[in-house]
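Everything on this sheet refers to the single structure shown next.
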There are 4 protein chains.
Amino acid sequence: MPVVLTQHAYGKSHVRLTKVTRHPDRHDLAEWAIDIRLGGDFAAAYTAGDNRQVVPTDTMKNAVYALARDHALGAPEDFARTLAGHFLDSYPQVASAAVHISVQPWERVTMGGLPFPHAFAGGPAGRRTCAVTATRDGQQVRAGIDGLPLLKTTDSAFRGFHRDAYTTLPDATDRIMATELTAEWLYADGAADWDECFAAVRRALVETFAGHVSEGVQQTLHAMGAAALAACPAADEITLTMPNRHRLLVNLAPFGRTNPNEVFVTTDEPFGVITGTLKRSV
Amino acid sequence: MPVVLTQHAYGKSHVRLTKVTRHPDRHDLAEWAIDIRLGGDFAAAYTAGDNRQVVPTDTMKNAVYALARDHALGAPEDFARTLAGHFLDSYPQVASAAVHISVQPWERVTMGGLPFPHAFAGGPAGRRTCAVTATRDGQQVRAGIDGLPLLKTTDSAFRGFHRDAYTTLPDATDRIMATELTAEWLYADGAADWDECFAAVRRALVETFAGHVSEGVQQTLHAMGAAALAACPAADEITLTMPNRHRLLVNLAPFGRTNPNEVFVTTDEPFGVITGTLKRSV
Amino acid sequence: MPVVLTQHAYGKSHVRLTKVTRHPDRHDLAEWAIDIRLGGDFAAAYTAGDNRQVVPTDTMKNAVYALARDHALGAPEDFARTLAGHFLDSYPQVASAAVHISVQPWERVTMGGLPFPHAFAGGPAGRRTCAVTATRDGQQVRAGIDGLPLLKTTDSAFRGFHRDAYTTLPDATDRIMATELTAEWLYADGAADWDECFAAVRRALVETFAGHVSEGVQQTLHAMGAAALAACPAADEITLTMPNRHRLLVNLAPFGRTNPNEVFVTTDEPFGVITGTLKRSV
Amino acid sequence: MPVVLTQHAYGKSHVRLTKVTRHPDRHDLAEWAIDIRLGGDFAAAYTAGDNRQVVPTDTMKNAVYALARDHALGAPEDFARTLAGHFLDSYPQVASAAVHISVQPWERVTMGGLPFPHAFAGGPAGRRTCAVTATRDGQQVRAGIDGLPLLKTTDSAFRGFHRDAYTTLPDATDRIMATELTAEWLYADGAADWDECFAAVRRALVETFAGHVSEGVQQTLHAMGAAALAACPAADEITLTMPNRHRLLVNLAPFGRTNPNEVFVTTDEPFGVITGTLKRSV
């Protein structure tokens, strides 16, 4: 039966790297999980078992560790660009290289109020990520935050929505809003002060979530995205995904108690999902 | 700062449904997890907190349970189409409705070799899935398998690949190939005997994986995709994703033992990922 | 400050082993995850950093792979006993050795109705386990099943229970009973036909769950345990843990529909947990 | 076949509670997952399906939410004692009540450097836990930390250990030590300033891990346990479990590079496990 291979790619996932940089006064720590995906002239491996063009995924993994030795690991965006460039520069058969890095959130231990030089503890939830997609014509750099839990206890309503025969949800004027934010933004020119931008976007997202007087997750998402773009001029576009981790007010009437918006059931599922992409307009 | 909302969607995820159909001689069981995503005229909720067009995700959830009462739950594709149609038909503001169903693999218990009428045990790994995307212009029906573990102990080589300064992998003429297959195929006309096609595609994928004499995961993937399209004329296109769950031969020489391709370390990460899409050609 | 070390142990966990046995007509596959825990004369390592008695956990791992080469891997109980014996025999400082094995459920692929010689697919949920605890005075052999999903759609009631001011649950005469069974049984003499006993106990547990007319999870658990001990004379004692994975009947009245015990919400949490240990009485 | 029920218990797990306490100037947030287990006169439910003594697990769940309304939720230990007492006091058939609470780590959002009154973000990894076991004769209160990631980049050796035919591990004078600490300590009199003790123990564990010059995980564990007992006079005994999350130095020689203790592979498995219990001596 005649078939045609219309799309293909391959790579290595979860290459896990710990690098220690030993300064005289302190050690720095980077722990990253790296995913690599290559596109290009690999069809013969699929159609004919001809592997001559195939760069083994094991080779990709080796390159990660070798290049991690050569390069200072500061912002993950820099290393992702280095890696993507390496694959394009080294292999003519590679037409596109995508590198995704997820940062393990370690925080330096403090002792007696002072930063300790060589020990770290698990940091706050919500991972920093970046994604570089490169071809011979250019590259796109994205940064992101993955799974950041956020919750506000007031200034969140949901009312005036469409009602029909399947609607039982009452209007809420004051509810808990809780989510695990995932955000990814695009750097227009593929350049920025990565660390500063990340910090500014993260702060804008968290503070806007906190301070926004909300008529719904959609509106809060929009406000957060706009604030993020305002906080980081280098970012041109941002996509936010906000699952709605519902807290359900418990009916305590059967037990002779009121429940003045105090006691809730935490639920994981089902959950709402709200997504949106905002772009800077000219 | 001027921003524009370029994309948005929302819905309910992990609506978990168990339905029992009580026939005189036996009970049938369907347990599904359902995700719904709607696109359409919802921008005002984002930009202005105007929820008048918003169908609450709670309403979507209610509709799932109500419609599950009305309809026999046979193939998940039928119910996904029913649900997607419901959202388009009920709400003029909805422009697109996507419904994804993941089937919990229950198998009827046998007793004394005979099927027992009303008890079930956990079935084989690898979930059946389907995804319907519908607009007012038509709909696409996809079916799939999620996370099916497959392993073969021979007839798998990987050699003759590109070698360079970062390559340490030796040629392998006889290695273990192991994966957790995810596949999704598109029904050209949005119609098929869903259950028969699913069974035929699954069988073609498993048997081709088993019987193929492989020069690499890429080649096996291609053979599996071609076999799947051959087995189900209603399917027009198939995408396969095959992580390479490496088994590493243990070096037993330090312990005075040979290891003639017998004893391996099972690894989860890092793992290779091979993907490809095949389309029926005319 | 004076402190005393009252208990200590250490070992290696998740040693993951794949072994292929290459018979002329077929290959056999064993994939196991092995945990080792040693007790003994290791206090000096804790109190003084004196590691002279410490068998590195890396050495334990090496022994697993080396011994897996030497021994046919049939029933996991045999290999667990071999490993536990190895640690006691090799190291005078070891007073107790515990070995736990969890079996990855692979099933041989069939092709054209016949078993295929060298390919495997993921088998049913619910892992076979075993646990051997050995000292110089003897050993205990336990076998088990981990996380076996079971569900019955009728012949399950829960009524006549204690009612008080915090009770809202109505009596149920016909409900779904669903669980993920974990069971572990003890072989009285540390000996049995392991595979036959495992199959007999598993069958007894599943069939009793299915066929029992239940007044509650507790009663079903007791019946299952008694049936298991009856099915395997070598087993002296069995402990069952049965989470109660509640299926909640959906109230469809707001949507103008009845719900005659048909449509349920699948829930993961909160869940009931029922445990019990049965012993053969003399 | 005659069998006897030698042990039994039951309860509700993962009762998930969110409580908001609305002070004039700020809101406080508690999100807890609560497990309850009761022992007592419940054998008839197992042996005869007689549920008259059985307190439904649904009733337990209701009691959690109702009592959460009545009581200020400060330290989880207080609420665990309240709950355990409730079950003993309310039901003569209950002989023992165990309550375990796991605290979701939320941290108050800051805005412009100031604490924001009603928004929270995900806090550091490592959950606070407590466990109360109560009978009519008394109760035991334990507190703990679950899964706290800790890593130090130097001051960690492992050498001078037992060597034999299965040993390939070289002596290490300077390696990474990484773990996910789980600790549980017992309050001798069932009383303490819970929050202060938790903070003191956590600090002692983290700072001792950081500052200890280690000859092995065992020695560090012992030092951490001793420091914890010293930091909290109310604690009498502490059990620590420290998986050894190995970082493996990458051999970069094939790529023409040295690796002066800089670049490591992060591994999840296999992992060492070291446990120990320390008790205050008189």
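Each chain in the structure tokens gets a letter, A, B, ..., in the order shown, and its residues are numbered from 1; ligands are numbered from 1 in order too.
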Could you list, as JSON, numbers by chain, every residue of chain B that has an atom within 7 Å of an atom of chain D, counting only C-alpha atoms? {"B": [165, 166, 255]}
Write out the residues from the selection above, keeping N, CA, C and O atoms, as a short mmCIF file (atom, residue, chain, number, x, y, z; two decimals), in the first residue's frame.
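Below you can see selection.cif, which holds the result:
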```cif
data_model
loop_
_atom_site.label_atom_id
_atom_site.label_comp_id
_atom_site.auth_asym_id
_atom_site.auth_seq_id
_atom_site.Cartn_x
_atom_site.Cartn_y
_atom_site.Cartn_z
N ALA B 165 32.81 13.17 16.77
CA ALA B 165 33.61 13.27 17.99
C ALA B 165 32.80 13.04 19.26
O ALA B 165 33.36 12.77 20.33
N TYR B 166 31.48 13.17 19.16
CA TYR B 166 30.63 12.96 20.34
C TYR B 166 30.00 11.58 20.38
O TYR B 166 29.12 11.32 21.20
N PHE B 255 33.13 -8.76 37.37
CA PHE B 255 32.71 -9.81 38.30
C PHE B 255 33.00 -11.20 37.74
O PHE B 255 32.43 -12.19 38.19
#
```
Please identify the helix (DSSP H, G or I) residues within range 20-200 of chain B (assignment by DSSP from backbone atoms) and present them as JSON, numbers by chain. {"B": [43, 44, 45, 46, 47, 48, 57, 58, 59, 60, 61, 62, 63, 64, 65, 66, 67, 68, 69, 70, 76, 77, 78, 79, 80, 81, 82, 83, 84, 85, 86, 87, 88, 89, 90, 194, 195, 196, 197, 198, 199, 200]}
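With only C-alpha atoms taken into account, the protein and nucleic acid residues at most 7 Å from Ser281 in chain C (excluding it and anything under 3 positions from it in its own chain) are Pro2, Val3 and Val4 of chain D.
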Those selected residues, please, written with N, CA and C atoms and delivered as a PDB file, in the first residue's frame.
```pdb
ATOM      1  N   PRO D   2     -11.159 -23.031  58.462  1.00  0.00           N
ATOM      2  CA  PRO D   2     -11.175 -22.119  59.608  1.00  0.00           C
ATOM      3  C   PRO D   2     -10.071 -21.074  59.498  1.00  0.00           C
ATOM      4  N   VAL D   3     -10.486 -19.811  59.562  1.00  0.00           N
ATOM      5  CA  VAL D   3      -9.538 -18.698  59.563  1.00  0.00           C
ATOM      6  C   VAL D   3      -9.912 -17.770  60.709  1.00  0.00           C
ATOM      7  N   VAL D   4      -8.943 -16.977  61.121  1.00  0.00           N
ATOM      8  CA  VAL D   4      -9.226 -16.007  62.165  1.00  0.00           C
ATOM      9  C   VAL D   4      -8.720 -14.644  61.700  1.00  0.00           C
TER      10      VAL D   4
END
```
Who sits within 8 Å of Leu151 in chain D, only C-alpha atoms, same chain under 2 positions skipped, as JSON, numbers by chain: {"A": [119, 120, 121], "D": [149, 153, 176, 177, 178, 179]}
Who sits within 12 Å of Glu107 in chain C, only C-alpha atoms, same chain under 2 positions skipped, as an NGL selection string: (:B and (123-125 or 148-152 or 206)) or (:C and (28-31 or 103-105 or 109-110 or 115-125))
Keeping only C-alpha atoms, take the residues you just selected and write them out as an mmCIF file, in the first residue's frame.
```
data_model
loop_
_atom_site.group_PDB
_atom_site.id
_atom_site.type_symbol
_atom_site.label_atom_id
_atom_site.label_comp_id
_atom_site.auth_asym_id
_atom_site.auth_seq_id
_atom_site.Cartn_x
_atom_site.Cartn_y
_atom_site.Cartn_z
ATOM 1 C CA GLY B 123 -6.933 -4.707 31.621
ATOM 2 C CA PRO B 124 -3.699 -4.446 29.678
ATOM 3 C CA ALA B 125 -1.644 -1.260 29.674
ATOM 4 C CA LEU B 148 1.260 0.854 25.127
ATOM 5 C CA PRO B 149 4.419 -0.913 26.380
ATOM 6 C CA LEU B 150 6.093 -3.038 23.692
ATOM 7 C CA LEU B 151 9.380 -4.910 23.880
ATOM 8 C CA LYS B 152 11.191 -7.273 21.569
ATOM 9 C CA VAL B 206 1.617 -4.824 17.786
ATOM 10 C CA ASP C 28 11.636 -15.551 27.994
ATOM 11 C CA LEU C 29 11.592 -12.128 29.573
ATOM 12 C CA ALA C 30 11.847 -11.066 33.206
ATOM 13 C CA GLU C 31 11.716 -7.395 34.145
ATOM 14 C CA VAL C 103 7.424 -7.777 38.552
ATOM 15 C CA GLN C 104 6.711 -5.691 35.461
ATOM 16 C CA PRO C 105 3.648 -7.278 33.819
ATOM 17 C CA VAL C 109 2.459 -11.130 21.930
ATOM 18 C CA THR C 110 0.303 -13.503 19.937
ATOM 19 C CA PRO C 115 2.485 -17.125 20.885
ATOM 20 C CA PHE C 116 5.192 -15.077 19.223
ATOM 21 C CA PRO C 117 8.693 -16.139 20.247
ATOM 22 C CA HIS C 118 10.350 -12.835 21.061
ATOM 23 C CA ALA C 119 7.935 -9.926 21.554
ATOM 24 C CA PHE C 120 5.946 -8.760 24.545
ATOM 25 C CA ALA C 121 3.268 -6.176 25.305
ATOM 26 C CA GLY C 122 2.188 -4.588 28.579
ATOM 27 C CA GLY C 123 0.041 -6.963 30.585
ATOM 28 C CA PRO C 124 -2.876 -6.419 32.952
ATOM 29 C CA ALA C 125 -2.667 -3.928 35.819
#
```
